[in-house]
>>> print(open('coords_7.txt').read())   # compact mmCIF, C-alpha atoms
# COMPACT_ATOMS: atom_id res chain seq x y z
CA MET A 1 -21.00 33.72 -37.98
CA MET A 2 -17.48 32.31 -38.18
CA LYS A 3 -16.05 29.26 -36.51
CA ALA A 4 -12.59 29.25 -35.01
CA THR A 5 -10.72 26.12 -33.98
CA VAL A 6 -7.79 26.66 -31.63
CA TYR A 7 -5.15 24.03 -30.84
CA VAL A 8 -2.97 24.62 -27.79
CA THR A 9 0.04 22.34 -27.43
CA ILE A 10 2.90 22.12 -24.97
CA LYS A 11 6.11 23.53 -26.44
CA GLN A 12 8.67 21.10 -27.73
CA GLY A 13 11.31 20.72 -25.05
CA VAL A 14 8.81 21.16 -22.20
CA LEU A 15 8.03 17.88 -20.46
CA ASP A 16 4.42 16.72 -20.77
CA PRO A 17 3.94 14.36 -17.80
CA GLN A 18 0.38 13.52 -18.91
CA GLY A 19 1.62 12.48 -22.33
CA VAL A 20 4.35 10.35 -20.75
CA ALA A 21 1.77 8.60 -18.51
CA VAL A 22 -0.53 7.91 -21.47
CA GLN A 23 2.40 6.58 -23.49
CA GLY A 24 3.21 4.23 -20.59
CA ALA A 25 -0.40 3.01 -20.54
CA LEU A 26 -0.38 2.41 -24.30
CA HIS A 27 2.87 0.47 -23.99
CA SER A 28 1.45 -1.71 -21.23
CA MET A 29 -1.53 -2.45 -23.51
CA GLY A 30 0.83 -3.71 -26.19
CA PHE A 31 1.02 -0.64 -28.44
CA GLN A 32 4.80 -0.68 -28.47
CA GLU A 33 5.03 1.44 -31.62
CA VAL A 34 4.01 4.59 -29.70
CA GLU A 35 7.22 6.58 -29.48
CA SER A 36 5.74 9.61 -27.79
CA VAL A 37 2.44 11.19 -26.80
CA ARG A 38 1.83 14.90 -26.38
CA ILE A 39 -1.46 16.07 -24.96
CA GLY A 40 -2.89 19.45 -25.86
CA LYS A 41 -6.17 21.34 -25.87
CA PHE A 42 -8.74 21.76 -28.59
CA LEU A 43 -11.11 24.72 -28.41
CA GLU A 44 -14.06 25.57 -30.65
CA LEU A 45 -15.24 29.17 -30.74
CA ASN A 46 -18.26 30.51 -32.60
CA LEU A 47 -17.65 34.12 -33.47
CA ASP A 48 -20.42 36.58 -34.16
CA THR A 49 -18.65 38.39 -36.98
CA THR A 50 -18.21 38.25 -40.75
CA ASP A 51 -15.04 40.33 -40.98
CA ARG A 52 -12.31 37.77 -41.44
CA ALA A 53 -9.34 40.08 -40.93
CA GLU A 54 -10.76 41.50 -37.75
CA ALA A 55 -11.76 38.05 -36.49
CA GLU A 56 -8.25 36.78 -37.02
CA GLU A 57 -6.66 39.71 -35.27
CA ARG A 58 -8.97 39.33 -32.28
CA LEU A 59 -8.55 35.56 -32.18
CA LYS A 60 -4.79 36.00 -32.03
CA ALA A 61 -5.20 38.39 -29.09
CA MET A 62 -7.41 35.81 -27.32
CA CYS A 63 -4.74 33.15 -27.78
CA GLU A 64 -1.89 35.37 -26.61
CA LYS A 65 -3.74 36.78 -23.63
CA LEU A 66 -5.73 33.86 -22.30
CA LEU A 67 -6.10 30.65 -24.30
CA ALA A 68 -2.40 29.77 -24.36
CA ASN A 69 0.38 30.50 -21.88
CA THR A 70 3.13 31.25 -24.37
CA VAL A 71 5.81 30.59 -21.74
CA VAL A 72 5.10 26.87 -22.05
CA GLU A 73 2.52 26.47 -24.84
CA ASP A 74 2.24 27.01 -28.59
CA TYR A 75 -1.02 27.63 -30.39
CA ARG A 76 -2.41 27.53 -33.89
CA TYR A 77 -5.89 28.17 -35.20
CA GLU A 78 -8.18 27.64 -38.15
CA LEU A 79 -10.91 30.05 -39.14
CA GLU A 80 -13.90 28.98 -41.22
CA GLY A 81 -17.00 30.68 -42.50
CA MET B 1 1.27 47.63 8.80
CA LYS B 2 -1.83 46.55 6.90
CA PHE B 3 -2.29 43.20 5.17
CA ALA B 4 -4.73 42.21 2.45
CA VAL B 5 -5.61 38.58 1.76
CA LEU B 6 -7.13 38.35 -1.71
CA VAL B 7 -10.11 36.05 -2.12
CA PHE B 8 -11.08 34.60 -5.50
CA PRO B 9 -13.95 32.21 -6.13
CA GLY B 10 -12.25 28.90 -5.28
CA SER B 11 -9.54 30.25 -2.95
CA ASN B 12 -9.23 27.90 0.03
CA CYS B 13 -6.14 29.03 1.94
CA ASP B 14 -7.41 32.55 2.53
CA ILE B 15 -8.47 31.86 6.13
CA ASP B 16 -5.12 30.20 6.88
CA CYS B 17 -3.29 33.29 5.57
CA TYR B 18 -5.50 35.62 7.58
CA LYS B 19 -5.04 33.61 10.77
CA ALA B 20 -1.29 33.33 10.17
CA VAL B 21 -0.95 37.12 10.07
CA GLU B 22 -3.04 37.42 13.25
CA GLU B 23 -1.18 34.65 15.03
CA THR B 24 2.40 35.49 14.06
CA ILE B 25 2.57 39.28 14.10
CA GLY B 26 -0.91 40.47 15.06
CA GLU B 27 -1.05 43.23 12.47
CA PRO B 28 -4.37 44.35 10.93
CA VAL B 29 -5.52 42.15 8.07
CA ASP B 30 -8.55 42.22 5.74
CA TYR B 31 -10.05 39.82 3.26
CA VAL B 32 -10.28 41.57 -0.13
CA TRP B 33 -12.66 40.19 -2.76
CA HIS B 34 -11.34 39.72 -6.30
CA THR B 35 -13.57 42.51 -7.64
CA ALA B 36 -11.84 45.19 -5.53
CA THR B 37 -10.41 48.12 -7.46
CA ASP B 38 -8.37 49.82 -4.76
CA LEU B 39 -5.57 48.29 -2.69
CA SER B 40 -3.93 51.58 -1.73
CA ALA B 41 -4.68 51.03 1.97
CA TYR B 42 -2.48 47.91 2.14
CA ASP B 43 1.26 47.47 2.65
CA CYS B 44 1.38 43.75 1.93
CA ILE B 45 -0.83 41.67 -0.33
CA LEU B 46 -1.13 37.93 0.18
CA VAL B 47 -2.38 35.92 -2.79
CA PRO B 48 -3.54 32.67 -1.19
CA GLY B 49 -3.68 29.10 -2.38
CA GLY B 50 -6.68 27.18 -3.62
CA PHE B 51 -8.30 26.47 -6.95
CA SER B 52 -9.35 29.90 -8.16
CA TYR B 53 -11.97 29.64 -10.91
CA GLY B 54 -11.70 25.87 -10.59
CA ASP B 55 -8.26 25.95 -12.24
CA TYR B 56 -10.21 26.07 -15.52
CA LEU B 57 -8.05 26.32 -18.64
CA ARG B 58 -4.84 26.56 -16.58
CA CYS B 59 -4.15 27.29 -12.91
CA GLY B 60 -4.40 31.04 -12.42
CA ALA B 61 -5.24 31.74 -16.07
CA ILE B 62 -8.64 33.26 -15.38
CA SER B 63 -7.92 34.83 -12.00
CA ARG B 64 -5.18 36.97 -13.47
CA PHE B 65 -7.89 38.94 -15.27
CA ALA B 66 -9.88 39.62 -12.09
CA PRO B 67 -10.22 43.38 -11.48
CA VAL B 68 -8.08 43.22 -8.34
CA MET B 69 -5.10 41.98 -10.35
CA ASN B 70 -4.64 45.41 -11.99
CA GLU B 71 -4.25 46.79 -8.49
CA VAL B 72 -1.79 44.04 -7.58
CA ALA B 73 0.32 45.01 -10.61
CA LYS B 74 0.25 48.66 -9.51
CA ALA B 75 1.22 47.67 -5.96
CA ALA B 76 4.10 45.57 -7.31
CA GLU B 77 5.26 48.53 -9.35
CA ALA B 78 5.06 50.77 -6.27
CA GLY B 79 7.33 48.37 -4.38
CA LYS B 80 4.73 47.03 -1.96
CA PHE B 81 5.22 43.52 -0.61
CA ILE B 82 3.38 40.78 -2.46
CA LEU B 83 3.46 37.11 -1.56
CA GLY B 84 1.80 34.47 -3.73
CA ILE B 85 1.47 31.05 -2.16
CA CYS B 86 0.68 27.92 -4.20
CA ASN B 87 -2.25 28.94 -6.45
CA GLY B 88 -1.20 32.51 -5.62
CA PHE B 89 2.23 31.77 -7.13
CA GLN B 90 0.53 30.33 -10.23
CA ILE B 91 -1.61 33.47 -10.54
CA LEU B 92 1.44 35.76 -10.25
CA THR B 93 3.28 33.87 -13.02
CA GLU B 94 0.19 33.93 -15.26
CA ALA B 95 -0.06 37.67 -14.61
CA GLY B 96 3.57 38.12 -15.65
CA LEU B 97 4.54 39.55 -12.25
CA LEU B 98 6.93 36.62 -11.84
CA PRO B 99 8.75 34.80 -14.65
CA GLY B 100 8.18 31.18 -15.71
CA ALA B 101 5.21 28.85 -15.32
CA LEU B 102 4.05 25.96 -13.14
CA LEU B 103 3.47 22.67 -14.89
CA ARG B 104 1.84 19.42 -13.79
CA ASN B 105 3.97 17.54 -11.23
CA ASN B 106 6.19 15.08 -13.08
CA SER B 107 4.79 12.27 -10.89
CA MET B 108 1.23 13.21 -12.06
CA LYS B 109 0.27 13.03 -8.38
CA PHE B 110 -1.10 15.64 -6.04
CA ARG B 111 1.64 15.89 -3.42
CA CYS B 112 0.59 16.85 0.09
CA HIS B 113 3.27 16.52 2.76
CA ASP B 114 6.02 18.37 4.62
CA THR B 115 9.06 19.35 2.59
CA SER B 116 12.49 20.46 3.60
CA LEU B 117 13.40 23.75 1.93
CA LYS B 118 16.71 25.52 1.66
CA VAL B 119 16.65 29.31 2.07
CA VAL B 120 18.76 30.36 -0.92
CA ASN B 121 18.15 34.09 -0.71
CA ASN B 122 17.66 35.57 2.75
CA LYS B 123 17.84 39.14 1.51
CA THR B 124 14.26 39.47 0.27
CA PRO B 125 11.81 41.32 2.57
CA PHE B 126 10.17 37.93 3.17
CA THR B 127 13.23 35.97 4.27
CA THR B 128 15.52 38.22 6.32
CA ASP B 129 14.77 36.36 9.55
CA TYR B 130 16.22 33.14 8.12
CA SER B 131 19.90 32.50 7.69
CA GLU B 132 21.31 31.81 4.26
CA GLY B 133 21.33 28.11 3.46
CA GLU B 134 19.10 27.31 6.45
CA GLU B 135 16.87 24.26 6.06
CA ILE B 136 13.26 24.76 7.07
CA ILE B 137 10.20 22.50 7.09
CA ILE B 138 7.18 23.83 5.20
CA PRO B 139 4.33 21.70 3.80
CA ILE B 140 3.33 21.52 0.15
CA ALA B 141 -0.10 20.62 -1.29
CA HIS B 142 -0.25 20.84 -5.06
CA GLY B 143 -0.67 18.96 -8.31
CA GLU B 144 0.92 21.62 -10.48
CA GLY B 145 4.03 22.95 -8.83
CA ASN B 146 6.62 21.89 -11.36
CA TYR B 147 8.42 25.18 -11.97
CA TYR B 148 9.61 25.77 -15.50
CA CYS B 149 11.29 28.62 -17.34
CA ASP B 150 13.48 28.82 -20.43
CA ASP B 151 17.30 28.87 -20.23
CA GLU B 152 17.54 32.60 -20.71
CA THR B 153 15.12 33.28 -17.83
CA PHE B 154 16.90 30.73 -15.64
CA THR B 155 20.23 32.47 -16.22
CA ARG B 156 18.64 35.77 -15.23
CA LEU B 157 17.09 34.22 -12.11
CA LYS B 158 20.52 33.03 -11.02
CA GLN B 159 22.32 36.26 -11.89
CA ASN B 160 19.83 38.42 -10.00
CA ASP B 161 19.59 36.11 -6.99
CA GLN B 162 15.88 35.55 -7.66
CA ILE B 163 15.77 31.94 -6.48
CA VAL B 164 14.48 32.25 -2.91
CA PHE B 165 13.78 28.65 -1.85
CA THR B 166 14.79 25.26 -3.25
CA TYR B 167 13.57 21.78 -2.25
CA SER B 168 16.02 19.44 -0.55
CA ASN B 169 14.13 16.53 -2.18
CA ASN B 170 12.41 17.67 -5.36
CA PRO B 171 8.74 16.59 -5.05
CA ASN B 172 7.44 17.71 -8.45
CA GLY B 173 10.23 17.85 -11.05
CA SER B 174 10.70 21.61 -10.84
CA LEU B 175 13.68 23.12 -12.60
CA ALA B 176 16.79 23.26 -10.40
CA ASP B 177 14.62 22.20 -7.40
CA ILE B 178 13.04 25.65 -7.35
CA ALA B 179 10.31 26.04 -4.71
CA GLY B 180 10.07 29.85 -4.66
CA ILE B 181 11.34 32.86 -6.59
CA CYS B 182 11.13 36.64 -6.45
CA ASN B 183 10.98 39.39 -9.07
CA GLU B 184 14.06 41.46 -9.90
CA GLN B 185 13.20 44.11 -7.32
CA GLY B 186 12.64 41.44 -4.66
CA ASN B 187 9.28 42.81 -3.47
CA VAL B 188 7.18 40.09 -5.15
CA VAL B 189 7.71 36.51 -4.00
CA GLY B 190 5.94 33.36 -5.20
CA MET B 191 6.32 29.93 -3.65
CA MET B 192 4.54 26.57 -3.88
CA PRO B 193 5.02 25.55 -0.20
CA HIS B 194 2.61 26.95 2.40
CA PRO B 195 4.34 28.99 5.15
CA GLU B 196 0.89 29.94 6.51
CA ARG B 197 0.36 26.28 7.38
CA ALA B 198 3.58 26.18 9.41
CA VAL B 199 3.14 28.86 12.05
CA ASN B 200 2.64 26.78 15.17
CA SER B 201 4.29 23.61 16.46
CA LEU B 202 0.77 22.15 16.77
CA LEU B 203 0.69 22.24 12.97
CA GLY B 204 3.90 20.25 12.75
CA SER B 205 6.25 23.15 12.11
CA GLU B 206 6.57 26.80 12.97
CA ASP B 207 9.26 27.51 10.40
CA GLY B 208 6.84 29.58 8.30
CA LYS B 209 6.40 32.11 11.09
CA ARG B 210 9.60 33.95 10.25
CA MET B 211 8.32 34.83 6.78
CA PHE B 212 5.70 36.98 8.46
CA THR B 213 8.09 38.49 11.01
CA SER B 214 10.49 39.21 8.13
CA ILE B 215 7.82 41.12 6.21
CA LEU B 216 6.93 43.18 9.26
CA ASN B 217 10.58 43.97 9.98
CA ALA B 218 11.15 44.96 6.35
CA TRP B 219 8.18 47.30 6.51
CA ARG B 220 9.32 48.76 9.83
CA ASP B 221 12.82 49.33 8.47
CA ILE B 222 11.37 51.36 5.63
CA HIS B 223 8.97 53.24 7.88
CA GLY B 224 11.46 53.92 10.64
CA ALA B 225 9.64 52.02 13.40
CA ALA B 226 11.31 49.74 15.93
CA SER B 227 11.70 46.19 14.68
CA VAL B 228 10.16 43.21 16.41
CA ARG B 229 12.14 40.32 17.77
>>> encode(input="coords_7.txt", output="structure tokens")
Amino acid sequence: MMKATVYVTIKQGVLDPQGVAVQGALHSMGFQEVESVRIGKFLELNLDTTDRAEAEERLKAMCEKLLANTVVEDYRYELEG
Amino acid sequence: MKFAVLVFPGSNCDIDCYKAVEETIGEPVDYVWHTATDLSAYDCILVPGGFSYGDYLRCGAISRFAPVMNEVAKAAEAGKFILGICNGFQILTEAGLLPGALLRNNSMKFRCHDTSLKVVNNKTPFTTDYSEGEEIIIPIAHGEGNYYCDDETFTRLKQNDQIVFTYSNNPNGSLADIAGICNEQGNVVGMMPHPERAVNSLLGSEDGKRMFTSILNAWRDIHGAASVR
């Protein structure tokens, strides 16, 4: 069994209205040091495999095809086990 | 001319689309479930609005892998008419049948009201009954209609006349006020506003009606039948 952690983030240069709203809330709470907030997604996948190379190749396909929309999002992943 | 209205789990504008076809042009129309694997009987495919698959992950991200979407891609390739409205537009961009993506509205609010649109391209099969530059009233109802594409794609959209509708007052932050676009061939159109909700003055506007008469006329032109006026 391997564990994959996938992080999906909005591309630099693409506005993240959610992040902007959260930044505004933090400012109104007195956390003036917050210069920017970007909100992304965190996904945990348990993979029923022991072949690391194959797992990585398939994980990449999952990210490209479904988990991230590469028009507006970047992704990175970690693979353990 | 035969119409298909696709239905995904979570579609909620499918009945409106069906009724709009009946009401505006009276051509035969069927609901087609997302598991269908043959769309060859249809001349026009409407991908309706709603929250397919609960908008899980991203709007349209899961629906684009529904079996019927392979058939939609084939139909697009074959030059059939495809119109994606609201969630349907999001699905078509996720499927790569239209360029760009739809982001969260910059206001973070779900916007549900009439909008004034400018018809930028009246040469698509969906817009020939409008005049170029005409302003029409069509309602929107979305939380994620903020159209985005990179500079290169935007240049291509402009060069190929792929911007079909723009908002007179941008409600969501979309790039260059874009409300609707088409593919390079012009047979696939996606738009956030809902023409199917503007087909009778009782609904507040009947400006959406001409999208349906345009499609029928385009089909009749190709098939050599008399056009309707």
>>> interface_residues(input="coords_7.txt", of="chain A", to="chain B", cutoff="9 Å", atoms="only C-alpha atoms", output="JSON, numbers by chain")
{"A": [14, 15, 16, 17, 18, 21, 41, 66, 67, 68, 69, 71, 72]}
>>> residues_around(input="coords_7.txt", residues="Gly84 of chain B", least_positions_apart="5", cutoff="8 Å", atoms="all atoms listed in the file", output="PDB file with C-alpha atoms, keeping the file's coordinate frame")
ATOM      1  CA  LEU B  46      -1.130  37.930   0.180  1.00  0.00           C
ATOM      2  CA  VAL B  47      -2.380  35.920  -2.790  1.00  0.00           C
ATOM      3  CA  PRO B  48      -3.540  32.670  -1.190  1.00  0.00           C
ATOM      4  CA  GLY B  49      -3.680  29.100  -2.380  1.00  0.00           C
ATOM      5  CA  PHE B  89       2.230  31.770  -7.130  1.00  0.00           C
ATOM      6  CA  GLN B  90       0.530  30.330 -10.230  1.00  0.00           C
ATOM      7  CA  ILE B  91      -1.610  33.470 -10.540  1.00  0.00           C
ATOM      8  CA  LEU B  92       1.440  35.760 -10.250  1.00  0.00           C
ATOM      9  CA  VAL B 188       7.180  40.090  -5.150  1.00  0.00           C
ATOM     10  CA  VAL B 189       7.710  36.510  -4.000  1.00  0.00           C
ATOM     11  CA  GLY B 190       5.940  33.360  -5.200  1.00  0.00           C
ATOM     12  CA  MET B 191       6.320  29.930  -3.650  1.00  0.00           C
TER      13      MET B 191
END
>>> closest_residue(input="coords_7.txt", among="A:Thr70, A:Asn46, A:Ser28, A:Gln23", to="Ala4 of chain A", atoms="only C-alpha atoms")
A:Asn46
>>> closest_residue(input="coords_7.txt", among="A:Ala25, A:Val6, A:Leu43, A:Ala61", to="Tyr75 of chain A", atoms="only C-alpha atoms")
A:Val6
>>> atom_distance(input="coords_7.txt", atom1="atom CA of Ile45 of chain B", atom2="atom CA of Gly60 of chain B")
16.5 Å
>>> atom_distance(input="coords_7.txt", atom1="atom CA of Tyr31 of chain B", atom2="atom CA of Gly54 of chain B")
19.7 Å
>>> residues_around(input="coords_7.txt", residues="Ile10 of chain A", least_positions_apart="2", cutoff="8 Å", atoms="only C-alpha atoms", output="list in words")
Val8, Gln12, Val14, Asp16, Arg38, Ile39, Gly40, Val72, Glu73 and Asp74 of chain A
>>> residues_around(input="coords_7.txt", residues="Ile163 of chain B", least_positions_apart="3", cutoff="7 Å", atoms="only C-alpha atoms", output="list in words")
Val120, Asn121, Leu157, Lys158, Ile178, Gly180, Ile181 and Cys182 of chain B
>>> atom_distance(input="coords_7.txt", atom1="atom CA of Asn122 of chain B", atom2="atom CA of Asn12 of chain B")
28.1 Å
>>> residues_around(input="coords_7.txt", residues="His194 of chain B", least_positions_apart="4", cutoff="10 Å", atoms="all atoms listed in the file", output="ChimeraX atom specification")
/B:13,16-17,48-49,84-86,114-115,137-141,198-199,208
>>> residues_near_point(input="coords_7.txt", point="(-5.1, 52.0, -0.8)", cutoff="12 Å", atoms="only C-alpha atoms", output="list in words")
Lys2, Phe3, Ala4, Val32, Ala36, Thr37, Asp38, Leu39, Ser40, Ala41, Tyr42, Asp43, Cys44, Ile45, Val68, Glu71, Val72, Lys74, Ala75, Ala78 and Lys80 of chain B
>>> write_last_selection(input="coords_7.txt", atoms="C-alpha atoms", output="PDB file, keeping the file's coordinate frame")
ATOM      1  CA  LYS B   2      -1.830  46.550   6.900  1.00  0.00           C
ATOM      2  CA  PHE B   3      -2.290  43.200   5.170  1.00  0.00           C
ATOM      3  CA  ALA B   4      -4.730  42.210   2.450  1.00  0.00           C
ATOM      4  CA  VAL B  32     -10.280  41.570  -0.130  1.00  0.00           C
ATOM      5  CA  ALA B  36     -11.840  45.190  -5.530  1.00  0.00           C
ATOM      6  CA  THR B  37     -10.410  48.120  -7.460  1.00  0.00           C
ATOM      7  CA  ASP B  38      -8.370  49.820  -4.760  1.00  0.00           C
ATOM      8  CA  LEU B  39      -5.570  48.290  -2.690  1.00  0.00           C
ATOM      9  CA  SER B  40      -3.930  51.580  -1.730  1.00  0.00           C
ATOM     10  CA  ALA B  41      -4.680  51.030   1.970  1.00  0.00           C
ATOM     11  CA  TYR B  42      -2.480  47.910   2.140  1.00  0.00           C
ATOM     12  CA  ASP B  43       1.260  47.470   2.650  1.00  0.00           C
ATOM     13  CA  CYS B  44       1.380  43.750   1.930  1.00  0.00           C
ATOM     14  CA  ILE B  45      -0.830  41.670  -0.330  1.00  0.00           C
ATOM     15  CA  VAL B  68      -8.080  43.220  -8.340  1.00  0.00           C
ATOM     16  CA  GLU B  71      -4.250  46.790  -8.490  1.00  0.00           C
ATOM     17  CA  VAL B  72      -1.790  44.040  -7.580  1.00  0.00           C
ATOM     18  CA  LYS B  74       0.250  48.660  -9.510  1.00  0.00           C
ATOM     19  CA  ALA B  75       1.220  47.670  -5.960  1.00  0.00           C
ATOM     20  CA  ALA B  78       5.060  50.770  -6.270  1.00  0.00           C
ATOM     21  CA  LYS B  80       4.730  47.030  -1.960  1.00  0.00           C
TER      22      LYS B  80
END
>>> build_atoms(input="coords_7.txt", residues="segment 5-14 of chain A", atoms="all heavy atoms", output="JSON list (two decimals), in the coordinates of the input")
[["chain", "number", "residue", "atom", "x", "y", "z"],
["A", 5, "THR", "N", -11.20, 27.30, -34.68],
["A", 5, "THR", "CA", -10.72, 26.12, -33.98],
["A", 5, "THR", "C", -9.31, 26.44, -33.50],
["A", 5, "THR", "O", -8.46, 26.81, -34.31],
["A", 5, "THR", "CB", -10.68, 24.93, -34.94],
["A", 5, "THR", "OG1", -11.93, 24.86, -35.61],
["A", 5, "THR", "CG2", -10.44, 23.64, -34.19],
["A", 6, "VAL", "N", -9.10, 26.32, -32.20],
["A", 6, "VAL", "CA", -7.79, 26.66, -31.63],
["A", 6, "VAL", "C", -7.15, 25.40, -31.05],
["A", 6, "VAL", "O", -7.81, 24.64, -30.33],
["A", 6, "VAL", "CB", -7.92, 27.74, -30.54],
["A", 6, "VAL", "CG1", -6.56, 28.08, -29.94],
["A", 6, "VAL", "CG2", -8.58, 29.00, -31.09],
["A", 7, "TYR", "N", -5.91, 25.15, -31.38],
["A", 7, "TYR", "CA", -5.15, 24.03, -30.84],
["A", 7, "TYR", "C", -4.05, 24.59, -29.95],
["A", 7, "TYR", "O", -3.26, 25.41, -30.41],
["A", 7, "TYR", "CB", -4.49, 23.22, -31.95],
["A", 7, "TYR", "CG", -5.46, 22.68, -32.99],
["A", 7, "TYR", "CD1", -5.83, 23.45, -34.08],
["A", 7, "TYR", "CD2", -5.98, 21.39, -32.87],
["A", 7, "TYR", "CE1", -6.72, 22.96, -35.04],
["A", 7, "TYR", "CE2", -6.85, 20.90, -33.81],
["A", 7, "TYR", "CZ", -7.23, 21.68, -34.90],
["A", 7, "TYR", "OH", -8.09, 21.18, -35.83],
["A", 8, "VAL", "N", -4.03, 24.17, -28.71],
["A", 8, "VAL", "CA", -2.97, 24.62, -27.79],
["A", 8, "VAL", "C", -2.13, 23.40, -27.44],
["A", 8, "VAL", "O", -2.65, 22.39, -26.97],
["A", 8, "VAL", "CB", -3.57, 25.25, -26.52],
["A", 8, "VAL", "CG1", -2.46, 25.70, -25.57],
["A", 8, "VAL", "CG2", -4.46, 26.43, -26.87],
["A", 9, "THR", "N", -0.84, 23.49, -27.69],
["A", 9, "THR", "CA", 0.04, 22.34, -27.43],
["A", 9, "THR", "C", 1.21, 22.77, -26.55],
["A", 9, "THR", "O", 1.59, 23.93, -26.55],
["A", 9, "THR", "CB", 0.61, 21.78, -28.75],
["A", 9, "THR", "OG1", 1.18, 22.87, -29.49],
["A", 9, "THR", "CG2", -0.48, 21.15, -29.60],
["A", 10, "ILE", "N", 1.75, 21.82, -25.81],
["A", 10, "ILE", "CA", 2.90, 22.12, -24.97],
["A", 10, "ILE", "C", 4.13, 22.25, -25.86],
["A", 10, "ILE", "O", 4.33, 21.45, -26.77],
["A", 10, "ILE", "CB", 3.09, 21.02, -23.90],
["A", 10, "ILE", "CG1", 1.85, 21.02, -22.99],
["A", 10, "ILE", "CG2", 4.35, 21.25, -23.09],
["A", 10, "ILE", "CD1", 1.92, 20.03, -21.87],
["A", 11, "LYS", "N", 4.91, 23.28, -25.62],
["A", 11, "LYS", "CA", 6.11, 23.53, -26.44],
["A", 11, "LYS", "C", 7.02, 22.32, -26.48],
["A", 11, "LYS", "O", 7.17, 21.62, -25.48],
["A", 11, "LYS", "CB", 6.91, 24.69, -25.83],
["A", 11, "LYS", "CG", 6.51, 26.06, -26.30],
["A", 11, "LYS", "CD", 7.56, 27.05, -25.78],
["A", 11, "LYS", "CE", 7.03, 28.47, -25.66],
["A", 11, "LYS", "NZ", 6.63, 29.13, -26.86],
["A", 12, "GLN", "N", 7.65, 22.13, -27.63],
["A", 12, "GLN", "CA", 8.67, 21.10, -27.73],
["A", 12, "GLN", "C", 9.74, 21.44, -26.70],
["A", 12, "GLN", "O", 10.08, 22.59, -26.52],
["A", 12, "GLN", "CB", 9.30, 21.10, -29.14],
["A", 12, "GLN", "CG", 8.37, 20.60, -30.22],
["A", 12, "GLN", "CD", 7.85, 19.19, -29.96],
["A", 12, "GLN", "OE1", 8.57, 18.35, -29.43],
["A", 12, "GLN", "NE2", 6.61, 18.94, -30.32],
["A", 13, "GLY", "N", 10.26, 20.42, -26.02],
["A", 13, "GLY", "CA", 11.31, 20.72, -25.05],
["A", 13, "GLY", "C", 10.76, 20.91, -23.64],
["A", 13, "GLY", "O", 11.50, 20.89, -22.68],
["A", 14, "VAL", "N", 9.43, 21.08, -23.53],
["A", 14, "VAL", "CA", 8.81, 21.16, -22.20],
["A", 14, "VAL", "C", 8.19, 19.79, -21.93],
["A", 14, "VAL", "O", 7.46, 19.27, -22.77],
["A", 14, "VAL", "CB", 7.73, 22.25, -22.14],
["A", 14, "VAL", "CG1", 7.04, 22.26, -20.78],
["A", 14, "VAL", "CG2", 8.34, 23.62, -22.42]]
